[in-house]
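Notes for the one structure printed next.
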Amino acid sequence: MADDDYTPANATALHAVRRLKERAAYDAASVHAVLDAGLVAHVGFTVAGSVEGSEYREEWPTVMPMAYGRVAGTVYLHGYVSGRLVKALSAADVKAAVTVTRVDGLVLASSPFNHSMNYRSVCVFGFPQLVVDKDEKEAALRAITNHAFKPFAADRWNDTRPSLPAELQTTAVLRLVIEAASVKTRSGQVHENVENTEPYFSGVLPISSVFGTAEPSPHNRAPVPDYIKKMENSTIS
């Protein structure tokens with residue numbers, strides 16, 4: 001696989017978009033753009049019955065919302081070092097799927113069967129691995145911390161106190177190199193047969209997410225940083 005291309009090798013590949021193929025993209029730029037636009041990833045994996053703390057002996061599929069960061073073609077996740085999620089994802093030969101979706105509007109048609117949403121979504125697949133290298137772990141935690149600030153070129157990691165040894169010791173980082181990925185998007189107006197429409201409203205209701213005004217904590221002693229002031233009342237693209 002080329003570094004700039006996640007095109008499926010064949011039509012039956014796991015990540016190949018089969019319905020409305022014209023909405024699909026597999027290039028790294030498209031994949032990375034949707035990952036960078038999101039704030040929460042949903043991570044899907046299977047929890048084995050042998051995982052400590054599980055009441056079940058059989059395997060169960062699990063999906064967890066998680067903060068994340070991206071560095072080139074790698075997605076980083078983090079969690080408590082002895083947590084069930086970290087144990088499950090760091091086991092040998094575990095497969096994981098990571099999805100991120102941004103909804104940009106409600107598409108309202110004259111028929112409920114033609115309703116839709118304008119959206120940007122990405123599905124990536126890979127094999128999670130526990131990060132043991134100290135420098136990579138710090139770089140990953142920096143990427144996760146700075147993820148929401150990427151569009152503003154802000155380094156939140158360096159605008160916080162240094163991490164304590166105990167914090168680093170109790171936090172595990174997982175590396176998921178993107179093995180395969182696909183993007184699917186929809187934009188624009190309603191798609192329906194105009195000749196069959198009735199006198200009911202049809203159109204698009206846009207959706208946008210906006211940062212509010214920063215609310216200092218009761219124990220805060222610092223002024224609001226300039227990069228946060230720039231983020232206030234701005235639209236999350």
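Starting from 1 in every chain, residues are counted up; chains themselves are A, B, ... following the order of the structure tokens, and ligands are numbered from 1 as listed.
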
Which of stretch 33-197 of chain A DSSP labels alpha helix (DSSP H), written as a PyMOL selection string:
chain A and resi 33-37+84-89+134-146+165-169

Select from stretch 3-222 of chain A everything DSSP, run on the backbone, classes as strand (DSSP E or B), then give the selection as a PyMOL selection string.
chain A and resi 5+24-25+27+41-47+60-66+69-71+74-80+96-108+116-126+129-130+171-177+180-186+203-206+209-210

May I have the residues from that selection written out with C-alpha atoms, as a PDB file, in the first residue's frame?
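Okay, result.pdb is ready:
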```pdb
ATOM      1  CA  ASP A   5      -3.399   5.724  -0.767  1.00  0.00           C
ATOM      2  CA  ALA A  24     -16.137   7.361  -1.273  1.00  0.00           C
ATOM      3  CA  ALA A  25     -12.516   8.415  -1.086  1.00  0.00           C
ATOM      4  CA  ASP A  27      -6.586   8.853  -0.423  1.00  0.00           C
ATOM      5  CA  ALA A  41     -13.409   8.658  17.841  1.00  0.00           C
ATOM      6  CA  HIS A  42     -15.518   5.555  18.319  1.00  0.00           C
ATOM      7  CA  VAL A  43     -13.200   2.581  18.705  1.00  0.00           C
ATOM      8  CA  GLY A  44     -14.622  -0.851  17.943  1.00  0.00           C
ATOM      9  CA  PHE A  45     -13.018  -4.082  19.099  1.00  0.00           C
ATOM     10  CA  THR A  46     -13.922  -7.417  20.637  1.00  0.00           C
ATOM     11  CA  VAL A  47     -13.511  -8.018  24.350  1.00  0.00           C
ATOM     12  CA  TRP A  60     -18.495  -9.407  22.910  1.00  0.00           C
ATOM     13  CA  PRO A  61     -18.114  -6.572  20.409  1.00  0.00           C
ATOM     14  CA  THR A  62     -17.474  -3.234  22.098  1.00  0.00           C
ATOM     15  CA  VAL A  63     -17.476   0.351  20.877  1.00  0.00           C
ATOM     16  CA  MET A  64     -15.936   3.072  23.035  1.00  0.00           C
ATOM     17  CA  PRO A  65     -15.877   6.850  22.486  1.00  0.00           C
ATOM     18  CA  MET A  66     -12.318   8.066  22.975  1.00  0.00           C
ATOM     19  CA  GLY A  69      -4.543  12.121  18.111  1.00  0.00           C
ATOM     20  CA  ARG A  70      -3.080  11.574  14.664  1.00  0.00           C
ATOM     21  CA  VAL A  71       0.552  11.668  13.572  1.00  0.00           C
ATOM     22  CA  THR A  74      -0.954   6.585  12.847  1.00  0.00           C
ATOM     23  CA  VAL A  75      -3.823   7.102  15.276  1.00  0.00           C
ATOM     24  CA  TYR A  76      -2.945   7.250  18.980  1.00  0.00           C
ATOM     25  CA  LEU A  77      -5.285   6.386  21.848  1.00  0.00           C
ATOM     26  CA  HIS A  78      -4.699   6.437  25.585  1.00  0.00           C
ATOM     27  CA  GLY A  79      -6.233   5.013  28.726  1.00  0.00           C
ATOM     28  CA  TYR A  80      -5.590   3.865  32.269  1.00  0.00           C
ATOM     29  CA  ALA A  96      -9.681  -2.577  15.859  1.00  0.00           C
ATOM     30  CA  ALA A  97     -11.830  -0.223  13.826  1.00  0.00           C
ATOM     31  CA  VAL A  98     -11.878   3.517  14.473  1.00  0.00           C
ATOM     32  CA  THR A  99     -14.632   5.748  13.135  1.00  0.00           C
ATOM     33  CA  VAL A 100     -15.048   9.520  13.198  1.00  0.00           C
ATOM     34  CA  THR A 101     -18.114  11.364  11.903  1.00  0.00           C
ATOM     35  CA  ARG A 102     -18.982  15.020  11.479  1.00  0.00           C
ATOM     36  CA  VAL A 103     -22.637  15.862  10.701  1.00  0.00           C
ATOM     37  CA  ASP A 104     -22.933  19.061   8.650  1.00  0.00           C
ATOM     38  CA  GLY A 105     -26.674  19.249   8.079  1.00  0.00           C
ATOM     39  CA  LEU A 106     -30.087  17.591   8.050  1.00  0.00           C
ATOM     40  CA  VAL A 107     -31.369  16.894   4.548  1.00  0.00           C
ATOM     41  CA  LEU A 108     -35.148  17.230   4.617  1.00  0.00           C
ATOM     42  CA  SER A 116     -30.603  12.110   4.768  1.00  0.00           C
ATOM     43  CA  MET A 117     -27.736  13.985   6.390  1.00  0.00           C
ATOM     44  CA  ASN A 118     -24.792  15.877   5.031  1.00  0.00           C
ATOM     45  CA  TYR A 119     -21.780  14.320   6.691  1.00  0.00           C
ATOM     46  CA  ARG A 120     -18.093  13.453   6.613  1.00  0.00           C
ATOM     47  CA  SER A 121     -17.156  10.048   7.985  1.00  0.00           C
ATOM     48  CA  VAL A 122     -14.047   7.922   8.059  1.00  0.00           C
ATOM     49  CA  CYS A 123     -13.446   4.290   8.993  1.00  0.00           C
ATOM     50  CA  VAL A 124      -9.909   3.116   9.679  1.00  0.00           C
ATOM     51  CA  PHE A 125      -8.685  -0.360  10.506  1.00  0.00           C
ATOM     52  CA  GLY A 126      -5.518  -1.552  12.182  1.00  0.00           C
ATOM     53  CA  GLN A 129       0.009  -1.933  19.833  1.00  0.00           C
ATOM     54  CA  LEU A 130       1.168  -0.716  23.208  1.00  0.00           C
ATOM     55  CA  THR A 171      -1.358   6.135  31.476  1.00  0.00           C
ATOM     56  CA  ALA A 172      -0.955   3.703  28.607  1.00  0.00           C
ATOM     57  CA  VAL A 173      -0.721   4.765  24.974  1.00  0.00           C
ATOM     58  CA  LEU A 174      -1.800   2.630  22.039  1.00  0.00           C
ATOM     59  CA  ARG A 175      -0.542   2.986  18.506  1.00  0.00           C
ATOM     60  CA  LEU A 176      -2.810   2.072  15.593  1.00  0.00           C
ATOM     61  CA  VAL A 177      -1.058   2.292  12.253  1.00  0.00           C
ATOM     62  CA  ALA A 180      -6.872   0.390   5.578  1.00  0.00           C
ATOM     63  CA  ALA A 181      -9.271   3.321   5.535  1.00  0.00           C
ATOM     64  CA  SER A 182     -12.145   4.848   3.629  1.00  0.00           C
ATOM     65  CA  VAL A 183     -14.003   8.136   3.701  1.00  0.00           C
ATOM     66  CA  LYS A 184     -17.637   8.641   2.793  1.00  0.00           C
ATOM     67  CA  THR A 185     -19.257  12.041   2.502  1.00  0.00           C
ATOM     68  CA  ARG A 186     -22.478  13.669   1.475  1.00  0.00           C
ATOM     69  CA  GLY A 203     -34.229  21.536   1.872  1.00  0.00           C
ATOM     70  CA  VAL A 204     -31.162  21.467   4.098  1.00  0.00           C
ATOM     71  CA  LEU A 205     -30.893  22.550   7.725  1.00  0.00           C
ATOM     72  CA  PRO A 206     -27.164  23.213   8.298  1.00  0.00           C
ATOM     73  CA  SER A 209     -20.497  23.435  16.206  1.00  0.00           C
ATOM     74  CA  VAL A 210     -19.206  26.622  17.808  1.00  0.00           C
TER      75      VAL A 210
END
```

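Neighbours of A:Ala37 closer than or equal to 8 Å, with only C-alpha atoms counted and sequence neighbours fewer than 4 positions away skipped, come out as Ala33, Arg102, Ile236 and Ser237 of chain A.
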
Residues just named, written with all heavy atoms as a PDB file, in the first residue's frame:
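Everything below was put into result16.pdb:
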```pdb
ATOM      1  N   ALA A  33      -7.970  14.310   6.759  1.00  0.00           N
ATOM      2  CA  ALA A  33      -8.768  15.527   6.941  1.00  0.00           C
ATOM      3  C   ALA A  33      -9.967  15.275   7.842  1.00  0.00           C
ATOM      4  O   ALA A  33     -10.294  16.091   8.717  1.00  0.00           O
ATOM      5  CB  ALA A  33      -9.224  16.068   5.592  1.00  0.00           C
ATOM      6  N   ARG A 102     -18.516  13.649  11.293  1.00  0.00           N
ATOM      7  CA  ARG A 102     -18.982  15.020  11.479  1.00  0.00           C
ATOM      8  C   ARG A 102     -20.279  15.181  10.692  1.00  0.00           C
ATOM      9  O   ARG A 102     -20.325  14.888   9.493  1.00  0.00           O
ATOM     10  CB  ARG A 102     -17.954  16.029  10.965  1.00  0.00           C
ATOM     11  CG  ARG A 102     -16.692  16.120  11.798  1.00  0.00           C
ATOM     12  CD  ARG A 102     -16.952  16.635  13.203  1.00  0.00           C
ATOM     13  NE  ARG A 102     -17.678  17.892  13.182  1.00  0.00           N
ATOM     14  CZ  ARG A 102     -17.105  19.086  13.105  1.00  0.00           C
ATOM     15  NH1 ARG A 102     -15.786  19.178  13.028  1.00  0.00           N
ATOM     16  NH2 ARG A 102     -17.823  20.181  13.108  1.00  0.00           N
ATOM     17  N   ILE A 236     -16.278  25.195  14.542  1.00  0.00           N
ATOM     18  CA  ILE A 236     -15.424  24.025  14.411  1.00  0.00           C
ATOM     19  C   ILE A 236     -15.646  23.473  13.018  1.00  0.00           C
ATOM     20  O   ILE A 236     -16.741  23.005  12.678  1.00  0.00           O
ATOM     21  CB  ILE A 236     -15.788  22.973  15.467  1.00  0.00           C
ATOM     22  CG1 ILE A 236     -15.679  23.574  16.875  1.00  0.00           C
ATOM     23  CG2 ILE A 236     -14.882  21.762  15.331  1.00  0.00           C
ATOM     24  CD1 ILE A 236     -16.171  22.641  17.965  1.00  0.00           C
ATOM     25  N   SER A 237     -14.635  23.535  12.166  1.00  0.00           N
ATOM     26  CA  SER A 237     -14.804  23.170  10.761  1.00  0.00           C
ATOM     27  C   SER A 237     -14.839  21.658  10.573  1.00  0.00           C
ATOM     28  O   SER A 237     -14.428  20.913  11.436  1.00  0.00           O
ATOM     29  CB  SER A 237     -13.662  23.761   9.948  1.00  0.00           C
ATOM     30  OG  SER A 237     -12.414  23.261  10.395  1.00  0.00           O
TER      31      SER A 237
END
```
